[in-house]
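Reviewing the structure listed below.
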Amino acid sequence: MKSTLAAALGLLLAAGTLPAQGPARGAPGAPPPSGIGEIKGTIVDLKSSAPVARASVSVRAKASGALVAGAIAGPTGAFRVQGLRPGAYAVRVTFLGFEPKLQDVAIAPDKPVVDLGQVQLNRAALTLGAVAVVEKEEAITIEPDRNTYRAKDVAPAATNASQVLEATPAVTVDADGKVSLRGNENVAIQINGRPAPISGAQLGAYLKSLPAGLLDRVEVIPNPSAKYDPEGMAGIINIQLKQNVDLGVSAGLTVGAATQDKYNASGNLGYQAGKLTTFSNLGIFSDDRDITGINDRLRYDQGDALLSRTNQDILGSNGFKGQNFGTNVDYKLNARNVWSNGISINHRRATDDSRADYSELNGTGALLDRYYRPRDNESKGLNIDYTSAIKRTIEPRRNELSAEIRLNRSHDEDVTNLWRESASSTGVSTGTQIQRERDNTDGVTKSATGQVDYTRQLSGTKLESGVKSTARWLDRDYSVVKDSLGDENWVRSNLSNAFTFNEQVHAAYAVVSRPLGKVDAQAGLRAEYANRDFQLADKSYPYHYTSFFPSGVLSFNLTQSSQAKVSYSRRIRRPGTQELNPFPTFFDVQNVFLGNPALNPEYTDAYELGYNKSGKFGSFQLSPFYRHTTNVIRFIINTDDMVDGRNVTTISFKNLAKSDSWGTDVNGSFKLGKRISGFAGGNVFKLVTEGGSTTSVAGTDAVTWSVRGNATAEITPTFSVQAFHMYRAPMKVEGGRFSKMQFTNITFKKKVDGDNGSVSLRLSDPFNTGRMRVQAGQDGLTQITERNMGNRAAYVTYQWNYGQTPRVRQPRPDDQPQQQSGGGFGG
């Protein structure tokens with residue numbers, strides 16, 4: 001990897017020259033420009049005739065208003081926007097301190113070049129303080145390869161990133177913070193176009209600790225190209241944090257509080273002057289909530305008569321606290337090269353204190369025994385991530401070379417105390433503690449990534465290529481000690497274990513894009529070699545493999561406001577360390593994870609059709625899809641297993657033969673007049689999983705669907721109301737069934753100090769419907785689990801902003817639609 005980076009830096013220093021200006025294509029929501037049309041001109045001050053360098057030029061389709069392309073004026077005020085199709089456009093020129101200038105332009109096949117000559121801007125009267133944003137972005141933009149949602153419109157009073165994702169169409173977040181897309185948890189989460197540095201429960205905790213005020217937008221990419229890392233069977237969810245800054249100083253502040261001891265605060269500060277651009281953010285988050293639920297086990301004879309049952313009533317509280325700090329510094333070394341450095345630090349702490357009331361009953365309901373099993377858990381984690389990148393721009397988005405290194409370290413600790421207390425028939429505890437157990441987990445994960453990307457466009461054909469190497473090392477110790485009689489005689493359990501996990505992935509990709517009349521075509525191929533070694537005690541489980549991931553997209557521009565597409569990509573899901581670890585991991589006294597070190601990765605071939613249409617009243621998107629998966633990794637529920645002398649429910653993992661799923665997504669936005677807007681979406685899909693002839697595991701054949709809607713009404717210019725509702729239908733899984741899930745949020749928002757600040761009141765789950773229920777069973781034993789996760793609360797939030805965020809900084813590769821320039825190597 002070091003030799004790869006050294007070669008990249010050498011290439012950067014040897015590259016060509018940078019022109020004065022270039023096109024800034026690929027704005028969200030626009031059909032990608034690929035014609036021969038061109039708009040050019042020179043921007044000057046109306047009074048002094050001096051050039052206005054770095055003014056922003058945006059080009060929108062006249063019919064739909066969609067942003068098609070743009071440019072940044074050079075030092076002489078000159079600009080040029082290329083690659084436009086024949087048609088009618090609206091050109092808008094803006095710069096801080098000047099009034100915006102609008103002009104209609106028509107490009108004809110026989111006159112493809114339009115010279116606007118001098119575009120004169122009139123200075124606007126400025127006052128000290130904040131500058132209002134003059135052009136409102138859309139809450140949702142629908143593109144051929146992705147949907148983009150503005151965070152503050154999707155969830156205007158959310159307190160953390162997890163709540164923003166909950167409100168994003170096609171995305172679901174469960175009670176443990178796990179994220180799924182179209183009902184599939186195998187989705188890759190990215191932060192600023194890069195893979196999230198942690199996964200599993202740690203990722204869920206990180207998203208809960210990331211303040212919502214730091215999020216700019218959420219991008220949902222269901223069928224990515226070969227340019228992206230292939231992890232994530234269901235696609236990619238990219239969380240884009242706020243990064244662009246104003247000329248001079250810009251800042252923002254968000255503070256909030258709620259019932260049940262919940263509070264959050266975040267702030268950001270940006271500065272741009274000369275060659276230096278910096279952006280920093282800081283956030284804190286705290287959330288305490290009460291948890292109630294049941295965990296009942298029912299035993300039947302062969303005639304389905306009830307033999308006995310164990311009722312478990314759970315009463316507990318969950319606490320979560322997190323702190324985040326991040327800073328990015330971009331320095332323009334010269335006219336060609338920009339050096340970027342970024343560091344982020346995340347600290348989190350969670351507590352889970354619960355008291356389970358057990359009642360052992362016979363088949364007639366007579367009480368046989370009653371006792372309590374308290375559980376006291378505390379976990380904490382520290383994640384540090386550093387990125388250094390250098391980019392050489394010969395011609396923006398047409399000839400670019402970049403290299404990046406990324407280093408990450410995550411330290412997670414978890415301590416759990418369990419014990420049993422006897423109780424009378426009326427539920428009075430004796431206070432005597434027996435069967436005491438203390439579990440201690442200490443894990444450190446380190447990773448290093450190096451990558452090089454090159455983009456070159458010649459005569460309408462665009463080539464994107466790159467190489468990437470990633471290495472990850474995990475060292476985890478798990479200690480279990482027991483005091484069976486409660487007499488302080490602690491003994492180390494044979495459940496204790498320690499393992500190491502090493503994984504390396506080396507990849508190279510190439511993606512070619514070319515317009516063919518009204519059709520935009522793209523084809524790509526990614527090749528990977530991966531190896532892993534899972535070492536547990538004196539045993540080693542090495543595994544290595546080579547994979548190829550083709551992709552292709554055909555996008556048809558039917559009209560200026562409608563497009564159709566067909567796409568294909570191959571994806572992979574590599575098993576996680578928890579799925580590989582064969583030692584039991586208890587998450588309560590009756591439920592335990594059992595990993596399988598022999599798991600193979602699973603592969604998915606994803607096919608998708610799409611139709612997008614935008615118009616005066618909003619947009620519409622229809623996306624039928626089909627996915628075929630081999631070596632499917634599925635969790636297997638055994639409600640009558642024995643682990644460490646206990647009768648428990650185990651969740652293990654196996655590779656099943658294959659899985660097929662097909663369905664469709666429907667998404668749209670609407671705007672009724674100037675005061676009512678929103679978006680809605682839904683999906684329905686069928687999942688068929690076959691166990692194959694070599695396993696006794698039963699498959700599943702299930703259909704499920706979900707819908708969600710979000711509507712905003714501006715009651716007055718400064719007061720608005722937003723309502724959000726989500727519903728997911730019941731769903732069958734291997735060995736069980738998830739019941740329906742639904743919840744509602746209602747937000748009232750009042751602007752203060754013009755557009756610079758706002759006060760919001762959010763009612764979360766006001767109808768108390770945010771419950772989870774799972775029923776699983778086999779061979780005469782059924783387990784019913786229910787949880788109410790304490791989502792019901794009222795939040796008050798104050799937001800304040802200083803300055804605006806004009807697009808004066810050249811966007812990163814991951815800001816651009818995949819159809820044109822992709823989303824950054826591997827995210």
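Order determines the names: the first chain of the structure tokens is A, the second B, and so forth; residues in each chain are numbered 1 upward, and ligands are numbered 1 upward as they are shown.
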Rows by chain and residue number, segment 650-758 of chain A within 8 Å of segment 153-171 of chain A, shortest pair, only C-alpha atoms, as JSON lines:
```
{"residue": "A:Asp665", "atom": "CA", "partner": "A:Ala170", "partner_atom": "CA", "distance": 7.8}
{"residue": "A:Asn667", "atom": "CA", "partner": "A:Pro169", "partner_atom": "CA", "distance": 7.6}
{"residue": "A:Ala680", "atom": "CA", "partner": "A:Pro169", "partner_atom": "CA", "distance": 7.4}
{"residue": "A:Gly681", "atom": "CA", "partner": "A:Pro169", "partner_atom": "CA", "distance": 5.9}
{"residue": "A:Gly682", "atom": "CA", "partner": "A:Ala170", "partner_atom": "CA", "distance": 6.9}
{"residue": "A:Asn683", "atom": "CA", "partner": "A:Ala170", "partner_atom": "CA", "distance": 7.1}
{"residue": "A:Arg708", "atom": "CA", "partner": "A:Pro169", "partner_atom": "CA", "distance": 6.7}
{"residue": "A:Asn710", "atom": "CA", "partner": "A:Val154", "partner_atom": "CA", "distance": 7.4}
{"residue": "A:Phe724", "atom": "CA", "partner": "A:Ala167", "partner_atom": "CA", "distance": 7.5}
{"residue": "A:Met726", "atom": "CA", "partner": "A:Ala167", "partner_atom": "CA", "distance": 7.9}
{"residue": "A:Thr747", "atom": "CA", "partner": "A:Ala157", "partner_atom": "CA", "distance": 6.9}
```
Picked from segment 679-739 of chain A by DSSP as strand (DSSP E or B), as a ChimeraX atom specification: /A:679-690,700-716,719-728,731-733,736-738
Filtering to C-alpha atoms, could you give me those residues as a CSV table (one decimal), in the first residue's frame?
```
chain,number,residue,atom,x,y,z
A,679,PHE,CA,-42.7,13.5,-0.2
A,680,ALA,CA,-44.0,10.0,0.1
A,681,GLY,CA,-42.7,6.5,-0.6
A,682,GLY,CA,-43.4,2.9,-0.4
A,683,ASN,CA,-42.0,-0.5,-1.3
A,684,VAL,CA,-43.2,-4.0,-1.6
A,685,PHE,CA,-41.0,-7.0,-2.0
A,686,LYS,CA,-41.1,-10.8,-2.0
A,687,LEU,CA,-38.2,-12.8,-0.4
A,688,VAL,CA,-37.7,-16.5,-1.1
A,689,THR,CA,-34.8,-18.3,0.7
A,690,GLU,CA,-34.0,-22.0,0.1
A,700,THR,CA,-38.7,-18.9,3.9
A,701,ASP,CA,-41.2,-17.4,1.4
A,702,ALA,CA,-42.5,-14.0,2.5
A,703,VAL,CA,-44.0,-10.9,1.2
A,704,THR,CA,-43.8,-7.6,3.0
A,705,TRP,CA,-44.3,-3.9,2.4
A,706,SER,CA,-43.9,-0.5,3.9
A,707,VAL,CA,-45.0,3.0,3.4
A,708,ARG,CA,-44.0,6.4,4.8
A,709,GLY,CA,-45.0,10.0,4.2
A,710,ASN,CA,-43.8,13.4,5.1
A,711,ALA,CA,-45.8,16.6,4.6
A,712,THR,CA,-45.0,20.2,5.5
A,713,ALA,CA,-47.5,23.1,5.6
A,714,GLU,CA,-46.4,26.7,5.9
A,715,ILE,CA,-49.1,28.2,8.1
A,716,THR,CA,-47.4,31.6,7.9
A,719,PHE,CA,-44.5,29.2,11.1
A,720,SER,CA,-44.8,25.6,9.7
A,721,VAL,CA,-46.0,22.2,10.7
A,722,GLN,CA,-44.6,18.9,9.6
A,723,ALA,CA,-46.1,15.4,10.0
A,724,PHE,CA,-44.3,12.1,9.4
A,725,HIS,CA,-45.6,8.5,9.6
A,726,MET,CA,-44.0,5.2,8.8
A,727,TYR,CA,-45.7,1.7,8.7
A,728,ARG,CA,-44.0,-1.6,8.0
A,731,MET,CA,-42.7,-10.0,8.0
A,732,LYS,CA,-41.7,-13.7,8.1
A,733,VAL,CA,-38.1,-14.7,8.6
A,736,GLY,CA,-40.1,-16.7,13.1
A,737,ARG,CA,-42.2,-13.7,12.4
A,738,PHE,CA,-41.8,-9.9,13.0
```
Coordinates-based distance that separates atom CA of Leu656 of chain A from atom CA of Val632 of chain A (Å, one decimal): 4.9 Å
Got a sec: who's within 7 Å of Ile107 of chain A, counting only C-alpha atoms, leaving out chain neighbours fewer than 5 positions off, as a ChimeraX atom specification? /A:37,86-88,112
Writing out the chosen residues with C-alpha atoms as a PDB file, in the first residue's frame:
```pdb
ATOM      1  CA  GLY A  37     -23.902  22.839 -26.451  1.00  0.00           C
ATOM      2  CA  PRO A  86     -30.268  21.516 -27.370  1.00  0.00           C
ATOM      3  CA  GLY A  87     -33.099  23.132 -25.434  1.00  0.00           C
ATOM      4  CA  ALA A  88     -34.229  26.096 -23.347  1.00  0.00           C
ATOM      5  CA  PRO A 112     -24.744  25.125 -30.128  1.00  0.00           C
TER       6      PRO A 112
END
```
Selected residue, from A:Thr585, A:Asn612, A:Asn238, A:Asn341, that lies nearest to Thr278 of chain A when counting only C-alpha atoms: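 Once distances to Thr278 of chain A are computed over only C-alpha atoms, the minimum belongs to A:Asn341.
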Residues at most 9 Å from Thr455 of chain A, counting only C-alpha atoms, excluding those fewer than 2 positions away in the same chain, as a PyMOL selection string? chain A and resi 397-402+453+457+462-466+821
Next, write the just-selected residues to a file, as a compact mmCIF listing (two decimals), in the first residue's frame, keeping all heavy atoms as the atom set.
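That gives us selection.txt:
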```txt
# COMPACT_ATOMS: atom_id res chain seq x y z
N ARG A 397 -13.23 17.70 -13.31
CA ARG A 397 -14.07 16.54 -13.63
C ARG A 397 -13.79 15.93 -14.99
O ARG A 397 -14.49 15.02 -15.40
CB ARG A 397 -15.55 16.89 -13.50
CG ARG A 397 -15.92 17.27 -12.08
CD ARG A 397 -17.37 17.68 -11.97
NE ARG A 397 -17.59 18.29 -10.67
CZ ARG A 397 -17.33 19.56 -10.40
NH1 ARG A 397 -16.86 20.33 -11.34
NH2 ARG A 397 -17.51 20.04 -9.19
N ARG A 398 -12.80 16.42 -15.69
CA ARG A 398 -12.44 15.85 -16.98
C ARG A 398 -11.04 15.25 -16.95
O ARG A 398 -10.77 14.30 -17.71
CB ARG A 398 -12.53 16.92 -18.08
CG ARG A 398 -13.94 17.48 -18.27
CD ARG A 398 -13.95 18.60 -19.29
NE ARG A 398 -13.59 18.12 -20.61
CZ ARG A 398 -14.48 17.65 -21.49
NH1 ARG A 398 -15.76 17.57 -21.17
NH2 ARG A 398 -14.09 17.25 -22.68
N ASN A 399 -10.19 15.77 -16.12
CA ASN A 399 -8.82 15.27 -16.04
C ASN A 399 -8.32 15.53 -14.61
O ASN A 399 -7.81 16.60 -14.31
CB ASN A 399 -7.93 15.95 -17.07
CG ASN A 399 -6.61 15.21 -17.26
OD1 ASN A 399 -6.30 14.28 -16.51
ND2 ASN A 399 -5.83 15.62 -18.24
N GLU A 400 -8.49 14.54 -13.72
CA GLU A 400 -8.17 14.71 -12.31
C GLU A 400 -7.45 13.47 -11.78
O GLU A 400 -7.72 12.34 -12.22
CB GLU A 400 -9.43 14.94 -11.48
CG GLU A 400 -10.20 16.19 -11.83
CD GLU A 400 -11.48 16.33 -11.04
OE1 GLU A 400 -11.99 15.30 -10.54
OE2 GLU A 400 -11.97 17.47 -10.91
N LEU A 401 -6.56 13.69 -10.84
CA LEU A 401 -5.84 12.61 -10.19
C LEU A 401 -5.82 12.89 -8.69
O LEU A 401 -5.55 14.00 -8.26
CB LEU A 401 -4.40 12.53 -10.72
CG LEU A 401 -3.50 11.43 -10.14
CD1 LEU A 401 -4.04 10.06 -10.51
CD2 LEU A 401 -2.08 11.61 -10.67
N SER A 402 -6.13 11.87 -7.88
CA SER A 402 -6.17 12.07 -6.44
C SER A 402 -5.63 10.83 -5.73
O SER A 402 -5.67 9.71 -6.26
CB SER A 402 -7.60 12.37 -5.97
OG SER A 402 -8.44 11.26 -6.24
N ASP A 453 -7.19 7.48 -7.41
CA ASP A 453 -8.25 7.59 -8.41
C ASP A 453 -7.81 8.51 -9.54
O ASP A 453 -7.16 9.54 -9.30
CB ASP A 453 -9.53 8.15 -7.79
CG ASP A 453 -10.06 7.27 -6.68
OD1 ASP A 453 -10.72 6.27 -6.99
OD2 ASP A 453 -9.79 7.57 -5.50
N GLN A 457 -11.53 12.43 -19.41
CA GLN A 457 -12.61 12.49 -20.39
C GLN A 457 -12.06 13.02 -21.70
O GLN A 457 -11.43 14.09 -21.76
CB GLN A 457 -13.76 13.38 -19.90
CG GLN A 457 -14.94 13.41 -20.88
CD GLN A 457 -16.20 13.95 -20.25
OE1 GLN A 457 -16.29 14.06 -19.04
NE2 GLN A 457 -17.18 14.27 -21.07
N LYS A 462 -15.77 9.09 -21.01
CA LYS A 462 -15.17 9.34 -19.71
C LYS A 462 -14.68 8.04 -19.10
O LYS A 462 -15.42 7.05 -19.04
CB LYS A 462 -16.19 10.00 -18.79
CG LYS A 462 -15.60 10.44 -17.46
CD LYS A 462 -16.62 11.25 -16.68
CE LYS A 462 -16.01 11.89 -15.45
NZ LYS A 462 -16.97 12.72 -14.73
N LEU A 463 -13.43 8.05 -18.65
CA LEU A 463 -12.84 6.90 -17.99
C LEU A 463 -12.55 7.25 -16.54
O LEU A 463 -11.90 8.25 -16.25
CB LEU A 463 -11.55 6.46 -18.69
CG LEU A 463 -10.72 5.40 -17.95
CD1 LEU A 463 -11.48 4.08 -17.90
CD2 LEU A 463 -9.35 5.22 -18.61
N GLU A 464 -13.03 6.41 -15.63
CA GLU A 464 -12.72 6.54 -14.20
C GLU A 464 -12.05 5.24 -13.77
O GLU A 464 -12.57 4.16 -14.02
CB GLU A 464 -13.99 6.77 -13.39
CG GLU A 464 -14.74 8.02 -13.79
CD GLU A 464 -16.13 8.06 -13.20
OE1 GLU A 464 -17.04 7.44 -13.76
OE2 GLU A 464 -16.30 8.71 -12.15
N SER A 465 -10.89 5.36 -13.14
CA SER A 465 -10.16 4.17 -12.75
C SER A 465 -9.47 4.42 -11.42
O SER A 465 -9.29 5.56 -11.00
CB SER A 465 -9.12 3.79 -13.82
OG SER A 465 -8.22 4.86 -14.03
N GLY A 466 -9.07 3.34 -10.77
CA GLY A 466 -8.40 3.50 -9.49
C GLY A 466 -7.99 2.18 -8.88
O GLY A 466 -8.39 1.10 -9.35
N SER A 821 -19.58 11.20 -12.61
CA SER A 821 -18.25 11.06 -12.05
C SER A 821 -18.20 10.21 -10.81
O SER A 821 -17.18 10.11 -10.17
CB SER A 821 -17.67 12.44 -11.72
OG SER A 821 -18.48 13.10 -10.78
```
Here atom CA of Lys613 of chain A and atom CA of Ser56 of chain A stand apart by 27.2 Å
Interatomic distance, atom CA of Leu599 of chain A to atom CA of Asn638 of chain A (Å, one decimal): 18.4 Å
Alpha helix (DSSP H) positions in segment 182-415 of chain A, given as a PyMOL selection string: chain A and resi 200-209
Just want the 6 Å neighbourhood of Glu404 of chain A, counted on only C-alpha atoms, with same-chain residues fewer than 4 positions away dropped. Output as a PyMOL selection string. chain A and resi 388-389+450-451
Mind dumping the selected residues with N, CA and C atoms as a CSV table (one decimal), in the first residue's frame?
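Printed below is again_3.csv as written:
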```
chain,number,residue,atom,x,y,z
A,388,SER,N,-5.9,11.9,5.0
A,388,SER,CA,-5.0,12.9,4.3
A,388,SER,C,-5.1,12.6,2.9
A,389,ALA,N,-5.4,13.6,2.1
A,389,ALA,CA,-5.6,13.4,0.6
A,389,ALA,C,-5.0,14.6,-0.1
A,450,GLY,N,-5.5,2.9,1.7
A,450,GLY,CA,-4.8,3.7,0.7
A,450,GLY,C,-5.4,3.6,-0.7
A,451,GLN,N,-5.6,4.7,-1.4
A,451,GLN,CA,-6.3,4.6,-2.7
A,451,GLN,C,-5.8,5.7,-3.6
```
